[in-house]
>>> print(open('structure.cif').read())   # mmCIF, C-alpha atoms and all ligand atoms
data_data
loop_
_atom_site.group_PDB
_atom_site.id
_atom_site.type_symbol
_atom_site.label_atom_id
_atom_site.label_comp_id
_atom_site.auth_asym_id
_atom_site.auth_seq_id
_atom_site.Cartn_x
_atom_site.Cartn_y
_atom_site.Cartn_z
ATOM 1 C CA MET A 19 0.000 0.000 0.000
ATOM 2 C CA HIS A 20 1.377 3.393 -0.866
ATOM 3 C CA ASN A 21 0.138 6.682 0.454
ATOM 4 C CA ASN A 22 -2.035 8.699 -1.847
ATOM 5 C CA HIS A 23 -0.304 12.032 -2.347
ATOM 6 C CA SER A 24 -2.613 13.356 -5.030
ATOM 7 C CA ASP A 25 -4.411 15.690 -2.644
ATOM 8 C CA ILE A 26 -1.138 17.190 -1.424
ATOM 9 C CA GLU A 27 0.500 19.948 -3.472
ATOM 10 C CA PRO A 28 4.171 18.960 -3.465
ATOM 11 C CA LYS A 29 6.910 21.431 -2.545
ATOM 12 C CA ARG A 30 8.354 23.238 -5.527
ATOM 13 C CA VAL A 31 11.855 24.636 -5.337
ATOM 14 C CA ASP A 32 13.256 27.427 -7.493
ATOM 15 C CA LEU A 33 16.749 26.599 -8.765
ATOM 16 C CA ARG A 34 18.027 29.626 -10.709
ATOM 17 C CA GLY A 35 14.541 30.160 -12.075
ATOM 18 C CA VAL A 36 13.984 26.485 -12.884
ATOM 19 C CA LYS A 37 11.095 25.195 -10.793
ATOM 20 C CA VAL A 38 11.537 21.621 -9.701
ATOM 21 C CA TYR A 39 9.164 19.580 -7.602
ATOM 22 C CA ALA A 40 10.667 18.030 -4.494
ATOM 23 C CA PHE A 41 9.097 14.617 -4.562
ATOM 24 C CA PRO A 42 9.998 12.453 -1.554
ATOM 25 C CA ASP A 43 9.546 9.305 -3.620
ATOM 26 C CA ARG A 44 8.468 8.051 -7.034
ATOM 27 C CA ASP A 45 4.917 7.377 -5.930
ATOM 28 C CA ALA A 46 4.515 11.027 -4.980
ATOM 29 C CA LEU A 47 5.593 12.059 -8.479
ATOM 30 C CA ILE A 48 3.324 9.527 -10.150
ATOM 31 C CA ASP A 49 0.328 10.508 -8.006
ATOM 32 C CA TYR A 50 0.893 14.173 -8.751
ATOM 33 C CA ALA A 51 1.291 13.590 -12.495
ATOM 34 C CA ASP A 52 -1.931 11.601 -12.436
ATOM 35 C CA ALA A 53 -3.845 14.298 -10.579
ATOM 36 C CA ARG A 54 -2.503 17.244 -12.560
ATOM 37 C CA LYS A 55 -1.729 15.768 -16.026
ATOM 38 C CA GLY A 56 1.046 17.123 -18.225
ATOM 39 C CA LEU A 57 4.551 16.275 -19.308
ATOM 40 C CA VAL A 58 6.884 14.843 -16.710
ATOM 41 C CA VAL A 59 10.271 16.412 -17.445
ATOM 42 C CA ALA A 60 13.614 15.219 -16.094
ATOM 43 C CA VAL A 61 15.731 18.023 -14.591
ATOM 44 C CA ASN A 62 19.447 17.707 -13.924
ATOM 45 C CA ALA A 63 22.291 20.125 -13.151
ATOM 46 C CA GLU A 64 23.120 20.596 -16.820
ATOM 47 C CA LYS A 65 19.571 21.688 -17.621
ATOM 48 C CA ILE A 66 19.623 24.132 -14.684
ATOM 49 C CA LEU A 67 22.981 25.649 -15.641
ATOM 50 C CA ASN A 68 22.163 25.892 -19.343
ATOM 51 C CA ALA A 69 18.588 27.035 -18.875
ATOM 52 C CA ASN A 70 17.324 29.963 -20.912
ATOM 53 C CA ASP A 71 13.896 31.596 -20.925
ATOM 54 C CA LEU A 72 12.525 28.920 -23.184
ATOM 55 C CA THR A 73 13.877 25.865 -21.419
ATOM 56 C CA ARG A 74 12.872 27.320 -18.077
ATOM 57 C CA SER A 75 9.307 27.931 -19.130
ATOM 58 C CA ILE A 76 8.729 24.449 -20.492
ATOM 59 C CA ILE A 77 9.933 22.945 -17.224
ATOM 60 C CA ASN A 78 8.011 25.501 -15.179
ATOM 61 C CA ASN A 79 4.788 24.848 -17.108
ATOM 62 C CA ASN A 80 5.073 21.129 -16.583
ATOM 63 C CA ILE A 81 6.188 18.650 -13.963
ATOM 64 C CA GLY A 82 9.947 18.938 -13.526
ATOM 65 C CA TYR A 83 11.461 16.280 -11.299
ATOM 66 C CA THR A 84 14.963 15.624 -9.997
ATOM 67 C CA ASP A 85 16.613 13.248 -12.452
ATOM 68 C CA GLY A 86 20.246 13.923 -11.476
ATOM 69 C CA SER A 87 22.281 14.055 -8.259
ATOM 70 C CA GLY A 88 23.087 17.746 -8.830
ATOM 71 C CA ALA A 89 19.404 18.639 -8.893
ATOM 72 C CA VAL A 90 18.746 16.509 -5.809
ATOM 73 C CA MET A 91 21.560 18.234 -3.889
ATOM 74 C CA ALA A 92 20.343 21.684 -4.928
ATOM 75 C CA VAL A 93 16.805 20.887 -3.787
ATOM 76 C CA ARG A 94 18.089 19.570 -0.450
ATOM 77 C CA GLN A 95 20.157 22.731 0.037
ATOM 78 C CA LYS A 96 16.887 24.622 -0.147
ATOM 79 C CA GLY A 97 15.586 22.529 2.708
ATOM 80 C CA ALA A 98 13.265 20.254 0.762
ATOM 81 C CA ASP A 99 13.407 16.497 0.513
ATOM 82 C CA ALA A 100 13.813 14.925 -2.920
ATOM 83 C CA VAL A 101 14.940 11.619 -4.341
ATOM 84 C CA LYS A 102 16.766 11.009 -7.609
ATOM 85 C CA ILE A 103 14.332 9.573 -10.131
ATOM 86 C CA ALA A 104 15.825 8.161 -13.338
ATOM 87 C CA GLY A 105 13.600 8.978 -16.303
ATOM 88 C CA CYS A 106 14.506 5.718 -18.015
ATOM 89 C CA GLU A 107 13.148 3.819 -14.998
ATOM 90 C CA LEU A 108 10.198 6.112 -14.287
ATOM 91 C CA TRP A 109 8.094 4.920 -17.222
ATOM 92 C CA LEU A 110 8.336 1.340 -15.942
ATOM 93 C CA SER A 111 7.356 2.506 -12.451
ATOM 94 C CA ILE A 112 4.327 4.237 -13.990
ATOM 95 C CA ILE A 113 3.375 0.977 -15.713
ATOM 96 C CA ASP A 114 3.996 -0.971 -12.480
ATOM 97 C CA ARG A 115 1.560 1.307 -10.691
ATOM 98 C CA PHE A 116 -1.161 1.562 -13.317
ATOM 99 C CA HIS A 117 -1.145 -1.544 -15.521
ATOM 100 C CA GLY A 118 -4.243 -2.905 -13.821
ATOM 101 C CA SER A 119 -6.220 0.313 -13.771
ATOM 102 C CA LYS A 120 -5.239 2.705 -16.557
ATOM 103 C CA SER A 121 -4.887 2.751 -20.321
ATOM 104 C CA PHE A 122 -1.664 3.286 -22.252
ATOM 105 C CA TYR A 123 -0.595 4.485 -25.671
ATOM 106 C CA ILE A 124 2.907 3.509 -26.785
ATOM 107 C CA ILE A 125 4.699 5.479 -29.499
ATOM 108 C CA GLY A 126 8.195 5.389 -30.926
ATOM 109 C CA ALA A 127 11.302 3.534 -32.082
ATOM 110 C CA LYS A 128 11.902 1.563 -35.257
ATOM 111 C CA PRO A 129 9.029 -0.745 -36.250
ATOM 112 C CA LYS A 130 10.757 -3.960 -35.062
ATOM 113 C CA VAL A 131 11.902 -2.407 -31.786
ATOM 114 C CA HIS A 132 8.445 -0.938 -31.303
ATOM 115 C CA GLU A 133 6.728 -4.292 -31.837
ATOM 116 C CA ALA A 134 9.192 -5.986 -29.491
ATOM 117 C CA THR A 135 8.505 -3.305 -26.869
ATOM 118 C CA VAL A 136 4.741 -3.801 -26.996
ATOM 119 C CA ALA A 137 5.169 -7.592 -26.965
ATOM 120 C CA LYS A 138 7.510 -7.443 -23.965
ATOM 121 C CA LEU A 139 5.106 -5.167 -22.087
ATOM 122 C CA ARG A 140 2.239 -7.600 -22.769
ATOM 123 C CA THR A 141 4.375 -10.480 -21.518
ATOM 124 C CA LEU A 142 5.485 -8.656 -18.373
ATOM 125 C CA TYR A 143 2.003 -7.246 -17.706
ATOM 126 C CA PRO A 144 -0.604 -9.621 -19.165
ATOM 127 C CA ASP A 145 -3.442 -7.335 -18.039
ATOM 128 C CA ILE A 146 -1.979 -4.132 -19.504
ATOM 129 C CA ASN A 147 -4.507 -2.075 -21.451
ATOM 130 C CA ILE A 148 -2.640 -0.701 -24.474
ATOM 131 C CA VAL A 149 -5.338 1.153 -26.386
ATOM 132 C CA GLY A 150 -3.056 2.176 -29.224
ATOM 133 C CA SER A 151 0.524 2.081 -30.400
ATOM 134 C CA HIS A 152 2.643 3.236 -33.314
ATOM 135 C CA HIS A 153 6.310 3.056 -34.269
ATOM 136 C CA GLY A 154 8.232 6.311 -34.445
ATOM 137 C CA TYR A 155 8.537 6.727 -38.202
ATOM 138 C CA LEU A 156 5.403 8.599 -39.166
ATOM 139 C CA ASP A 157 4.153 9.052 -42.675
ATOM 140 C CA GLY A 158 4.689 12.782 -43.078
ATOM 141 C CA GLU A 159 2.392 15.442 -41.687
ATOM 142 C CA ALA A 160 -0.709 13.393 -42.512
ATOM 143 C CA GLY A 161 0.618 10.430 -40.546
ATOM 144 C CA ARG A 162 1.511 12.670 -37.654
ATOM 145 C CA GLN A 163 -1.947 14.227 -37.629
ATOM 146 C CA ALA A 164 -3.609 10.815 -37.830
ATOM 147 C CA LEU A 165 -1.662 9.742 -34.756
ATOM 148 C CA ILE A 166 -2.655 12.886 -32.825
ATOM 149 C CA ASP A 167 -6.290 12.230 -33.807
ATOM 150 C CA ASP A 168 -6.046 8.615 -32.701
ATOM 151 C CA VAL A 169 -4.664 9.565 -29.273
ATOM 152 C CA ALA A 170 -7.469 12.131 -28.850
ATOM 153 C CA ASP A 171 -9.949 9.464 -29.915
ATOM 154 C CA LYS A 172 -8.671 6.609 -27.721
ATOM 155 C CA LYS A 173 -8.154 8.874 -24.683
ATOM 156 C CA PRO A 174 -5.326 6.958 -23.000
ATOM 157 C CA ASP A 175 -4.434 7.845 -19.400
ATOM 158 C CA VAL A 176 -0.703 7.557 -20.105
ATOM 159 C CA VAL A 177 1.225 8.282 -23.315
ATOM 160 C CA PHE A 178 4.882 7.351 -23.806
ATOM 161 C CA VAL A 179 6.727 8.819 -26.780
ATOM 162 C CA ALA A 180 10.195 7.424 -27.571
ATOM 163 C CA MET A 181 11.272 9.334 -30.663
ATOM 164 C CA GLY A 182 14.175 11.458 -29.442
ATOM 165 C CA SER A 183 14.248 15.227 -28.975
ATOM 166 C CA PRO A 184 12.808 17.515 -30.189
ATOM 167 C CA THR A 185 10.394 15.336 -32.184
ATOM 168 C CA GLN A 186 8.848 13.745 -29.121
ATOM 169 C CA GLU A 187 8.381 17.064 -27.279
ATOM 170 C CA LEU A 188 6.684 18.651 -30.293
ATOM 171 C CA LEU A 189 4.402 15.677 -30.678
ATOM 172 C CA MET A 190 3.511 15.509 -26.987
ATOM 173 C CA ALA A 191 2.716 19.240 -26.983
ATOM 174 C CA ASP A 192 0.335 18.854 -29.902
ATOM 175 C CA MET A 193 -1.241 15.780 -28.339
ATOM 176 C CA PHE A 194 -1.642 17.432 -24.952
ATOM 177 C CA LYS A 195 -3.601 20.278 -26.564
ATOM 178 C CA ARG A 196 -6.121 17.721 -27.790
ATOM 179 C CA HIS A 197 -6.076 15.279 -24.892
ATOM 180 C CA LYS A 198 -4.943 15.722 -21.285
ATOM 181 C CA ALA A 199 -2.974 12.772 -19.941
ATOM 182 C CA ILE A 200 0.321 11.871 -18.337
ATOM 183 C CA TYR A 201 2.981 12.214 -21.040
ATOM 184 C CA GLN A 202 6.591 11.132 -20.827
ATOM 185 C CA GLY A 203 9.260 11.472 -23.521
ATOM 186 C CA LEU A 204 11.548 8.464 -23.538
ATOM 187 C CA GLY A 205 14.226 9.074 -26.174
ATOM 188 C CA GLY A 206 15.954 5.801 -26.930
ATOM 189 C CA SER A 207 14.481 3.865 -23.979
ATOM 190 C CA PHE A 208 12.731 1.242 -26.119
ATOM 191 C CA ASP A 209 16.055 0.272 -27.677
ATOM 192 C CA VAL A 210 17.419 -0.303 -24.173
ATOM 193 C CA PHE A 211 14.224 -2.042 -22.985
ATOM 194 C CA THR A 212 14.359 -4.566 -25.823
ATOM 195 C CA GLY A 213 18.118 -5.098 -25.532
ATOM 196 C CA THR A 214 18.784 -3.470 -28.921
ATOM 197 C CA VAL A 215 21.103 -0.956 -27.236
ATOM 198 C CA GLN A 216 22.958 -1.645 -23.987
ATOM 199 C CA ARG A 217 22.563 0.764 -21.113
ATOM 200 C CA ALA A 218 25.806 2.047 -19.588
ATOM 201 C CA PRO A 219 27.347 -0.131 -16.859
ATOM 202 C CA LYS A 220 26.226 0.748 -13.319
ATOM 203 C CA TRP A 221 29.419 2.644 -12.463
ATOM 204 C CA TRP A 222 28.809 5.127 -15.272
ATOM 205 C CA ILE A 223 25.171 5.576 -14.242
ATOM 206 C CA ASP A 224 26.082 6.013 -10.548
ATOM 207 C CA HIS A 225 28.573 8.728 -11.472
ATOM 208 C CA ASN A 226 26.150 10.549 -13.767
ATOM 209 C CA LEU A 227 28.315 9.662 -16.741
ATOM 210 C CA GLU A 228 25.768 7.729 -18.758
ATOM 211 C CA PHE A 229 25.728 10.534 -21.316
ATOM 212 C CA ALA A 230 29.518 10.182 -21.753
ATOM 213 C CA TYR A 231 29.236 6.424 -22.171
ATOM 214 C CA ARG A 232 26.594 6.916 -24.865
ATOM 215 C CA LEU A 233 28.744 9.506 -26.634
ATOM 216 C CA ILE A 234 31.640 7.078 -26.729
ATOM 217 C CA LYS A 235 29.389 4.321 -28.056
ATOM 218 C CA GLN A 236 27.558 6.575 -30.543
ATOM 219 C CA PRO A 237 29.913 9.491 -31.416
ATOM 220 C CA LYS A 238 27.494 10.851 -34.016
ATOM 221 C CA ARG A 239 25.313 12.038 -31.138
ATOM 222 C CA ILE A 240 27.780 14.917 -30.558
ATOM 223 C CA LYS A 241 26.692 16.500 -33.817
ATOM 224 C CA ARG A 242 23.140 16.891 -32.702
ATOM 225 C CA ASN A 243 22.158 20.498 -32.658
ATOM 226 C CA ILE A 244 20.915 21.999 -29.428
ATOM 227 C CA LYS A 245 19.084 24.702 -31.380
ATOM 228 C CA TYR A 246 16.417 22.223 -32.384
ATOM 229 C CA VAL A 247 15.734 21.410 -28.758
ATOM 230 C CA VAL A 248 15.426 25.108 -27.937
ATOM 231 C CA TYR A 249 13.050 25.516 -30.856
ATOM 232 C CA ALA A 250 10.958 22.612 -29.586
ATOM 233 C CA TRP A 251 10.804 24.166 -26.177
ATOM 234 C CA TRP A 252 9.715 27.443 -27.673
ATOM 235 C CA LEU A 253 6.881 25.740 -29.507
ATOM 236 C CA LEU A 254 5.914 23.734 -26.448
ATOM 237 C CA THR A 255 5.918 26.790 -24.249
ATOM 238 C CA HIS A 256 3.585 28.619 -26.555
ATOM 239 C CA ASN A 257 1.151 25.755 -26.638
ATOM 240 C CA PHE A 258 0.266 25.988 -22.975
HETATM 241 N N1 LIG B 1 13.191 7.559 -33.512
HETATM 242 C C1 LIG B 1 11.870 7.505 -33.895
HETATM 243 N N2 LIG B 1 11.455 8.284 -34.915
HETATM 244 C C2 LIG B 1 12.275 9.155 -35.577
HETATM 245 C C3 LIG B 1 13.624 9.227 -35.154
HETATM 246 C C4 LIG B 1 14.046 8.424 -34.111
HETATM 247 O O1 LIG B 1 11.092 6.754 -33.326
HETATM 248 O O2 LIG B 1 11.823 9.839 -36.486
HETATM 249 C C5 LIG B 1 13.609 6.712 -32.419
HETATM 250 C C6 LIG B 1 14.861 5.914 -32.643
HETATM 251 O O3 LIG B 1 14.522 4.697 -33.271
HETATM 252 C C7 LIG B 1 15.377 5.733 -31.230
HETATM 253 C C8 LIG B 1 14.922 6.994 -30.541
HETATM 254 O O4 LIG B 1 13.896 7.554 -31.341
HETATM 255 O O5 LIG B 1 14.746 4.631 -30.632
HETATM 256 C C9 LIG B 1 15.974 8.081 -30.380
HETATM 257 O O6 LIG B 1 16.921 7.645 -29.548
HETATM 258 P P1 LIG B 1 18.036 8.625 -28.991
HETATM 259 O O7 LIG B 1 18.847 7.808 -28.090
HETATM 260 O O8 LIG B 1 18.698 9.344 -30.118
HETATM 261 O O9 LIG B 1 17.139 9.701 -28.201
HETATM 262 P P2 LIG B 1 17.519 10.620 -26.947
HETATM 263 O O10 LIG B 1 17.307 9.790 -25.729
HETATM 264 O O11 LIG B 1 18.925 11.057 -27.093
HETATM 265 O O12 LIG B 1 16.537 11.763 -27.050
#
>>> encode(input="structure.cif", output="structure tokens")
Amino acid sequence: MHNNHSDIEPKRVDLRGVKVYAFPDRDALIDYADARKGLVVAVNAEKILNANDLTRSIINNNIGYTDGSGAVMAVRQKGADAVKIAGCELWLSIIDRFHGSKSFYIIGAKPKVHEATVAKLRTLYPDINIVGSHHGYLDGEAGRQALIDDVADKKPDVVFVAMGSPTQELLMADMFKRHKAIYQGLGGSFDVFTGTVQRAPKWWIDHNLEFAYRLIKQPKRIKRNIKYVVYAWWLLTHNF
């Protein structure tokens, strides 16, 4: 039995203008996301230090949570209690909590990885109610719109989008306008979930160096342009 936190407004701490919720545990975050709806957004020290007006407002308009040790320490310095919640584990915690009671929509990854993800979820959670799913390679603007329509039509309680940034943020923003739910962007999580891509060894994760491990494994990631992420945030911000 977990406590129901949904009636309690969690503490929110201002870290250089970035507002982060101080959740004492994962259940508190999940309860709050369920009560409030919106995008759950991972916040770490890098995002706080590199924040600009746009990145700040997307976090501040949504549900920012402490994803990294730096963010946890900063929150604790402000006298609030917070735990480190890894985004790549959070989606599975959300499924753990709600597979018997809520509906899910699963989007993203290459068709084979996507199918394997849905199959693995159905094996792990035989009672899971997946009301819709689609791989992450949409057929142009028409395909994208059809997917937004389908989410609005099926009205899932939880939507996971694993397409990488900024595509997933743009899509979630457009979907949220049509249908309120818990949304989480998952990047390459389905590749990890299905064993297509290995997660960094524990040491790297414990030392907040998973990003470095991934850069070494996939050097082309360095080329990715931060401007697109900022643009996505701008669009997201103006949708709320
Ligand atoms: N992807 C997708 N649709 C696209 C482009 C990418 O579904 O149009 C998927 C891709 O197959 C991979 C994920 O999105 O599973 C991106 O992973 P990455 O690790 O680059 O994302 P990040 O976590 O860095 O945002």
>>> resolve_selection(input="structure.cif", expression="the PyMOL selection byres (((chain A and resi 54-67) around 7) and not hetatm)", output="ChimeraX atom specification")
/A:34,36,50-53,68-69,77,80-86,88-89,105,198-202
>>> resolve_selection(input="structure.cif", expression="the PyMOL selection byres (((not hetatm)) within 10 of (chain B and resi 1))", output="count of residues only")
42
>>> atom_distance(input="structure.cif", atom1="CA of Lys172 in chain A", atom2="CA of Gly150 in chain A")
7.3 Å
>>> residues_near_point(input="structure.cif", point="(15.2, 29.7, -8.0)", cutoff="12 Å", atoms="all atoms listed in the file", output="PDB file with C-alpha atoms, keeping the file's coordinate frame")
ATOM      1  CA  ARG A  30       8.354  23.238  -5.527  1.00  0.00           C
ATOM      2  CA  VAL A  31      11.855  24.636  -5.337  1.00  0.00           C
ATOM      3  CA  ASP A  32      13.256  27.427  -7.493  1.00  0.00           C
ATOM      4  CA  LEU A  33      16.749  26.599  -8.765  1.00  0.00           C
ATOM      5  CA  ARG A  34      18.027  29.626 -10.709  1.00  0.00           C
ATOM      6  CA  GLY A  35      14.541  30.160 -12.075  1.00  0.00           C
ATOM      7  CA  VAL A  36      13.984  26.485 -12.884  1.00  0.00           C
ATOM      8  CA  LYS A  37      11.095  25.195 -10.793  1.00  0.00           C
ATOM      9  CA  VAL A  38      11.537  21.621  -9.701  1.00  0.00           C
ATOM     10  CA  TYR A  39       9.164  19.580  -7.602  1.00  0.00           C
ATOM     11  CA  ILE A  66      19.623  24.132 -14.684  1.00  0.00           C
ATOM     12  CA  LEU A  67      22.981  25.649 -15.641  1.00  0.00           C
ATOM     13  CA  ALA A  69      18.588  27.035 -18.875  1.00  0.00           C
ATOM     14  CA  ARG A  74      12.872  27.320 -18.077  1.00  0.00           C
ATOM     15  CA  ASN A  78       8.011  25.501 -15.179  1.00  0.00           C
ATOM     16  CA  ALA A  89      19.404  18.639  -8.893  1.00  0.00           C
ATOM     17  CA  ALA A  92      20.343  21.684  -4.928  1.00  0.00           C
ATOM     18  CA  VAL A  93      16.805  20.887  -3.787  1.00  0.00           C
ATOM     19  CA  GLN A  95      20.157  22.731   0.037  1.00  0.00           C
ATOM     20  CA  LYS A  96      16.887  24.622  -0.147  1.00  0.00           C
TER      21      LYS A  96
END
>>> closest_atom_pairs(input="structure.cif", of="range 29-99 of chain A", to="range 107-116 of chain A", cutoff="9 Å", atoms="all atoms listed in the file", output="JSON lines")
{"residue": "A:Arg44", "atom": "CA", "partner": "A:Leu108", "partner_atom": "CA", "distance": 7.7}
{"residue": "A:Asp45", "atom": "CA", "partner": "A:Arg115", "partner_atom": "CA", "distance": 8.4}
{"residue": "A:Ile48", "atom": "CA", "partner": "A:Ile112", "partner_atom": "CA", "distance": 6.6}
>>> closest_residue(input="structure.cif", among="A:Ala164, A:Val90, A:Ile234, A:Val136", to="Phe178 in chain A", atoms="all atoms listed in the file")
A:Val136
>>> resolve_selection(input="structure.cif", expression="the PyMOL selection byres (((chain A and resi 121) around 10) and not hetatm)", output="PyMOL selection string")
chain A and resi 113+116-120+122-123+146-150+172-177
>>> write_last_selection(input="structure.cif", atoms="C-alpha atoms", output="PDB file, in the coordinates of the input")
ATOM      1  CA  ILE A 113       3.375   0.977 -15.713  1.00  0.00           C
ATOM      2  CA  PHE A 116      -1.161   1.562 -13.317  1.00  0.00           C
ATOM      3  CA  HIS A 117      -1.145  -1.544 -15.521  1.00  0.00           C
ATOM      4  CA  GLY A 118      -4.243  -2.905 -13.821  1.00  0.00           C
ATOM      5  CA  SER A 119      -6.220   0.313 -13.771  1.00  0.00           C
ATOM      6  CA  LYS A 120      -5.239   2.705 -16.557  1.00  0.00           C
ATOM      7  CA  PHE A 122      -1.664   3.286 -22.252  1.00  0.00           C
ATOM      8  CA  TYR A 123      -0.595   4.485 -25.671  1.00  0.00           C
ATOM      9  CA  ILE A 146      -1.979  -4.132 -19.504  1.00  0.00           C
ATOM     10  CA  ASN A 147      -4.507  -2.075 -21.451  1.00  0.00           C
ATOM     11  CA  ILE A 148      -2.640  -0.701 -24.474  1.00  0.00           C
ATOM     12  CA  VAL A 149      -5.338   1.153 -26.386  1.00  0.00           C
ATOM     13  CA  GLY A 150      -3.056   2.176 -29.224  1.00  0.00           C
ATOM     14  CA  LYS A 172      -8.671   6.609 -27.721  1.00  0.00           C
ATOM     15  CA  LYS A 173      -8.154   8.874 -24.683  1.00  0.00           C
ATOM     16  CA  PRO A 174      -5.326   6.958 -23.000  1.00  0.00           C
ATOM     17  CA  ASP A 175      -4.434   7.845 -19.400  1.00  0.00           C
ATOM     18  CA  VAL A 176      -0.703   7.557 -20.105  1.00  0.00           C
ATOM     19  CA  VAL A 177       1.225   8.282 -23.315  1.00  0.00           C
TER      20      VAL A 177
END
>>> atom_distance(input="structure.cif", atom1="CA of Ala191 in chain A", atom2="CA of Asp171 in chain A")
16.3 Å
>>> atom_distance(input="structure.cif", atom1="CA of Pro144 in chain A", atom2="CA of Phe194 in chain A")
27.7 Å
>>> closest_residue(input="structure.cif", among="A:Glu228, A:Asp99, A:Glu27, A:Asp71", to="Pro42 in chain A", atoms="all atoms listed in the file")
A:Asp99
>>> axis_aligned_box(input="structure.cif", around="range 32-51 of chain A", padding_each_side="4 Å", output="AutoDock Vina command-line options")
--center_x 9.2 --center_y 18.8 --center_z -7.2 --size_x 25.7 --size_y 30.8 --size_z 19.3
>>> closest_residue(input="structure.cif", among="A:Ala40, A:Leu47, A:Ile124, A:Leu72", to="Met91 in chain A", atoms="all atoms listed in the file")
A:Ala40
>>> closest_atom_pairs(input="structure.cif", of="range 182-238 of chain A", to="range 166-169 of chain A", cutoff="9 Å", atoms="only C-alpha atoms", output="JSON lines")
{"residue": "A:Leu189", "atom": "CA", "partner": "A:Ile166", "partner_atom": "CA", "distance": 7.9}
{"residue": "A:Met190", "atom": "CA", "partner": "A:Ile166", "partner_atom": "CA", "distance": 8.9}
{"residue": "A:Asp192", "atom": "CA", "partner": "A:Ile166", "partner_atom": "CA", "distance": 7.3}
{"residue": "A:Met193", "atom": "CA", "partner": "A:Ile166", "partner_atom": "CA", "distance": 5.5}
{"residue": "A:Arg196", "atom": "CA", "partner": "A:Ile166", "partner_atom": "CA", "distance": 7.8}
{"residue": "A:His197", "atom": "CA", "partner": "A:Val169", "partner_atom": "CA", "distance": 7.3}
>>> closest_residue(input="structure.cif", among="A:Tyr143, A:Thr135, A:Glu159, A:Lys29", to="Ala46 in chain A", atoms="all atoms listed in the file")
A:Lys29
